[in-house]
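Encoded as structure tokens, the structure appears first; notes follow it.
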Amino acid sequence: MSAATRTGQPVAVTGLGLVTPAGIGTQASWDGVLAGAPAAATDPVLEGLDVDFSCRVPGFDATELLGRKAARRLDRFTQLAVVAAREAVADAGLDPSTWDGARVGVVLGCGMGGAATWEAQHRRLIERGPGRVSPMLIPMLVPNMVAGQLAMEFGAMGPNLVTATACASGATAIGVARDLLRSGACDIVLTGGTEAGLTPLSIAGFAQMQALSRRRDDPARASRPFDVDRDGFVAAEGAGVLVLERTDHAAGRGARVRANLAGYGASADAHHITAPDPDGRGAALAMRAALADAGVGPDEVTHVNAHGTSTPLNDVAEARTIRRVVGDHVAVTSTKGVTGHPLGAAGAIEAAFSVLTVEHGRIPPTANLDSQDPEIDLDVVAKAPRERAVDVVMSNSFGFGGQNAVLVVTAA
Amino acid sequence: MSAVYDRVKELLVDKFGVPEDEVTPEATFEELDLDSLDLVEFALAAEEELGVRISDEEAEDLETLQDTVKLLESKGATV
């Protein structure tokens with residue numbers, strides 16, 4: 001790598017935890033995306049809506065996984081993150097009872113917070129009056145509670161916050177976490193993203209924006225990034241948590257480094273509230289910044305884990321920008337064909353998939369890619385995983401509001 | 001104890017996730033790991049289940065389940 005252009009040191013990824021529509025746990029989620037098995041299905045919670053399907057985490061029983069108290073007092077977005085974080089901390093071989101908690105930060109991304117709690121309590125307010133609203137409404141609702149809960153769970157007393165950049169939130173969080181390590185403020189940061197916004201109100205809102213696929217007669221084929229017949233994204237829920245460490249800290253305790261987080265680039269489109277800039281100027285800025293940060297040239301990028309939402313606008317604009325900034329030699333995939341779009345968790349889940357990709361040398365396929373859009377002139381991996389050594393992955397995330405966050409993951 | 005006690009116990013176990021063997025007349029809310037927010041929720045639930053209202057001031061003073069049941073019964077709670 002051209003270290004001369006590198007603007008900072010990489011940090012180590014030492015632990016992963018995933019709770020996704022492809023399964024609970026990193027292995028189940030990874031197996032699911034490698035198999036290219038779409039998770040989208042008709043969703044009873046959305047019955048009666050124009051868009052009545054989604055990608056839920058299958059079999060997530062909060063009482064069984066976390067106990068009755070946490071099931072009652074935490075909104076689902078926090079529950080998903082606690083389960084993912086426990087897996088990540090265990091995977092990193094860390095023992096929170098012995099670490100110096102003041103040096104451990106938590107930075108999670110979340111787009112919406114406790115949407116289901118909000119809707120249920122709003123109904124109580126309307127139907128039964130203000131005196132019946134739960135005192136748990138606010139602590140369950142606020143998006144920052146997930147970071148506070150992880151602090152309590154693990155005795156992590158360092159910097160603690162939640163980032164909100166819509167569908168880029170998880171990637172933004174990882175970038176901010178990286179900065180906390182580079183600055184020396186922390187030795188370890190638990191970072192990632194979480195989202196559980198599959199409620200009638202939020203889905204109705206996304207549907208009214210014309211952002212969602214309407215393929216209600218065949219939900220499994222609805223999320224089809226880069227396919228010519230794509231018609232919108234499929235909303236999903238999930239959480240992804242990574243343990244990031246300063247490389248010297250990881251080395252000092254003999255930790256297994258799964259991959260390096262080498263680069264982060266962020267930018268704003270300054271263009272429109274929801275539509276991507278068709279020229280991709282903001283996205284290009286973030287991609288270039290991430291590559292420069294990592295000290296990696298475009299020709300060194302092997303694979304792009306694309307934002308690839310399956311909306312007509314995103315996929316074309318993103319593909320053009322990848323081609324312009326990185327080139328046409330990269331193997332591109334969007335794991336959203338399997339997972340749908342887990343909004344604020346997407347960037348974190350996909351960063352974890354990027355880590356797994358460099359570790360295993362397997363690029364997951366883009367599910368449902370039957371006929372690639374001729375306007376997308378890129379090598380998109382379809383049908384089956386592609387086996388090849390992968391040294392450098394770029395993972396893209398773009399949020400409504402025009403926020404862009406790009407991560408570069410390199411082999412350990 | 002009483003039918004009201006049994007109902008309170010059921011509420012604590014089912015709704016608040018308190019382990020059944022920890023629920024005794026002498027147990028305090030603190031011992032049962034229930035905080036001030038839980039107490040407000042408990043008061044709301046008691047009002048719905050038993051038809052009597054516990055004021056915020058009264059809720060603040062509650063310590064043991066025994067005291068709570070007495071208060072509820074003094075207000076005419078029936079099951």
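Lettering and numbering for the structure tokens are positional, with chains as A, B, ... in the shown order, residues counted from 1 in each chain, and ligands counted from 1 in the shown order.
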List as an mmCIF file with C-alpha atoms, in the first residue's frame the protein and nucleic acid residues near Glu49 of chain B, meaning an atom at most 9 Å away when only C-alpha atoms are counted, but skip any in the same chain fewer than 4 places from it.
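Okay, this is what ended up in out_33.cif:
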```cif
data_model
loop_
_atom_site.group_PDB
_atom_site.id
_atom_site.type_symbol
_atom_site.label_atom_id
_atom_site.label_comp_id
_atom_site.auth_asym_id
_atom_site.auth_seq_id
_atom_site.Cartn_x
_atom_site.Cartn_y
_atom_site.Cartn_z
ATOM 1 C CA ARG B 7 -53.155 -10.658 42.172
ATOM 2 C CA LEU B 11 -48.737 -8.916 38.198
ATOM 3 C CA LEU B 44 -50.816 2.162 36.388
ATOM 4 C CA ALA B 45 -51.173 -1.603 36.192
ATOM 5 C CA VAL B 79 -60.268 -9.102 42.780
#
```
List as a tab-separated table every residue of chain B that is in contact with chain A, defined as an atom at most 10 Å from one of its atoms (using only C-alpha atoms), together with the nearest atom pair and the distance in Å rounded to one decimal, sorted by chain and then rising number.
```
residue	atom	partner	partner_atom	distance
B:Val13	CA	A:Arg68	CA	9.3
B:Asp14	CA	A:Arg68	CA	8.7
B:Lys15	CA	A:Arg72	CA	7.9
B:Phe16	CA	A:Lys69	CA	6.4
B:Gly17	CA	A:Arg68	CA	4.8
B:Val18	CA	A:Lys69	CA	7.8
B:Pro19	CA	A:Arg68	CA	9.5
B:Asp33	CA	A:Lys69	CA	9.6
B:Leu34	CA	A:Lys69	CA	9.6
B:Ser36	CA	A:Pro135	CA	9.4
B:Leu37	CA	A:Pro135	CA	5.9
B:Asp38	CA	A:Pro135	CA	8.0
B:Leu39	CA	A:Pro135	CA	9.3
B:Val40	CA	A:Pro135	CA	6.6
B:Glu41	CA	A:Ser134	CA	6.4
B:Leu44	CA	A:Arg132	CA	6.8
B:Ala45	CA	A:Arg132	CA	9.3
B:Glu47	CA	A:Arg132	CA	9.9
B:Glu48	CA	A:Arg132	CA	9.6
```
_segment 305-379 of chain A: residues DSSP assigns to strand (DSSP E), reported as a list of chain:residue names_ =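 Matching residues for strand (DSSP E) in segment 305-379 of chain A are A:Asn305, A:Ala331, A:Val332, A:Thr333, A:Arg362, A:Ile363, A:Asp379.
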Selected residues, C-alpha atoms, written as an mmCIF file, in the first residue's frame, please.
```
data_model
loop_
_atom_site.group_PDB
_atom_site.id
_atom_site.type_symbol
_atom_site.label_atom_id
_atom_site.label_comp_id
_atom_site.auth_asym_id
_atom_site.auth_seq_id
_atom_site.Cartn_x
_atom_site.Cartn_y
_atom_site.Cartn_z
ATOM 1 C CA ASN A 305 -19.947 -3.938 -0.690
ATOM 2 C CA ALA A 331 -16.350 -7.160 -7.897
ATOM 3 C CA VAL A 332 -19.464 -5.461 -6.549
ATOM 4 C CA THR A 333 -22.163 -6.947 -4.376
ATOM 5 C CA ARG A 362 -15.538 -15.242 -0.416
ATOM 6 C CA ILE A 363 -17.619 -12.465 -1.937
ATOM 7 C CA ASP A 379 -19.013 -6.624 -12.417
#
```
Which residues come within 10 Å of Leu65 of chain A, counting only C-alpha atoms, excluding same-chain residues fewer than 6 positions away, as a PDB file with N, CA and C atoms, in the first residue's frame?
```pdb
ATOM      1  N   ALA A  71     -36.832  -7.523  28.238  1.00  0.00           N
ATOM      2  CA  ALA A  71     -37.868  -7.611  27.207  1.00  0.00           C
ATOM      3  C   ALA A  71     -38.910  -6.515  27.418  1.00  0.00           C
ATOM      4  N   GLN A  79     -32.712  -4.084  22.198  1.00  0.00           N
ATOM      5  CA  GLN A  79     -32.584  -5.537  22.413  1.00  0.00           C
ATOM      6  C   GLN A  79     -31.706  -6.183  21.338  1.00  0.00           C
ATOM      7  N   LEU A  80     -31.951  -5.820  20.086  1.00  0.00           N
ATOM      8  CA  LEU A  80     -31.164  -6.414  18.989  1.00  0.00           C
ATOM      9  C   LEU A  80     -29.680  -6.099  19.183  1.00  0.00           C
ATOM     10  N   VAL A  82     -28.079  -5.339  22.006  1.00  0.00           N
ATOM     11  CA  VAL A  82     -27.482  -6.009  23.170  1.00  0.00           C
ATOM     12  C   VAL A  82     -27.069  -7.433  22.791  1.00  0.00           C
ATOM     13  N   VAL A  83     -27.916  -8.119  22.056  1.00  0.00           N
ATOM     14  CA  VAL A  83     -27.583  -9.494  21.654  1.00  0.00           C
ATOM     15  C   VAL A  83     -26.355  -9.492  20.732  1.00  0.00           C
TER      16      VAL A  83
END
```
_Rounded to one decimal, what separation in Å do you get between atom CA of Ser202 of chain A and atom CA of Ala115 of chain A?_
7.7 Å
*Which value, in Å to one decimal, gives the distance between atom CA of Met1 of chain B and atom CA of Thr68 of chain B?*
12.4 Å
_So that I can see what lies close to Asp67 of chain B, please list as JSON, numbers by chain the residues with an atom at most 12 Å from it, counting only C-alpha atoms and leaving out residues fewer than 5 positions away in the same chain._
{"B": [4, 5, 8, 24, 25, 26, 27, 28, 29, 58, 59, 61, 62, 72, 73, 74]}
*asked:* At a cut-off of 9 Å, using only C-alpha atoms, what residues contact Lys75 of chain B? Leave out same-chain residues fewer than 6 positions from it and give the result as an NGL selection string.
replied: :B and (52-54)
Can I get the selection written as a PDB file, in the first residue's frame, with C-alpha atoms?
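Written file, part-v9.pdb:
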```pdb
ATOM      1  CA  VAL B  52     -57.999   1.758  42.538  1.00  0.00           C
ATOM      2  CA  ARG B  53     -55.675   4.657  42.012  1.00  0.00           C
ATOM      3  CA  ILE B  54     -52.356   5.027  43.828  1.00  0.00           C
TER       4      ILE B  54
END
```
*asked:* I need the residue nearest Ala77 of chain B from this list: B:Leu32, B:Gly51, B:Glu57, B:Asp21. Use only C-alpha atoms for the distance.
replied: B:Gly51
*asked:* So that I can see what lies close to Pro58 of chain A, please list as a list of chain:residue names the residues with an atom at most 8 Å from it, counting only C-alpha atoms and leaving out residues fewer than 2 positions away in the same chain.
replied: A:Pro21, A:Ala22, A:Gly23, A:Ile24, A:Arg56, A:Phe60
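Restricting the calculation to only C-alpha atoms, the smallest distance between Asn396 of chain A and any of A:Thr163, A:Ser267, A:Gln149, A:Ser97 is found for A:Ser267.
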_Point-to-point distance from atom CA of Ala259 of chain A to atom CA of Asp95 of chain A, Å rounded to tenths_ =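 Going from atom CA of Ala259 of chain A over to atom CA of Asp95 of chain A, I get 20.6 Å.
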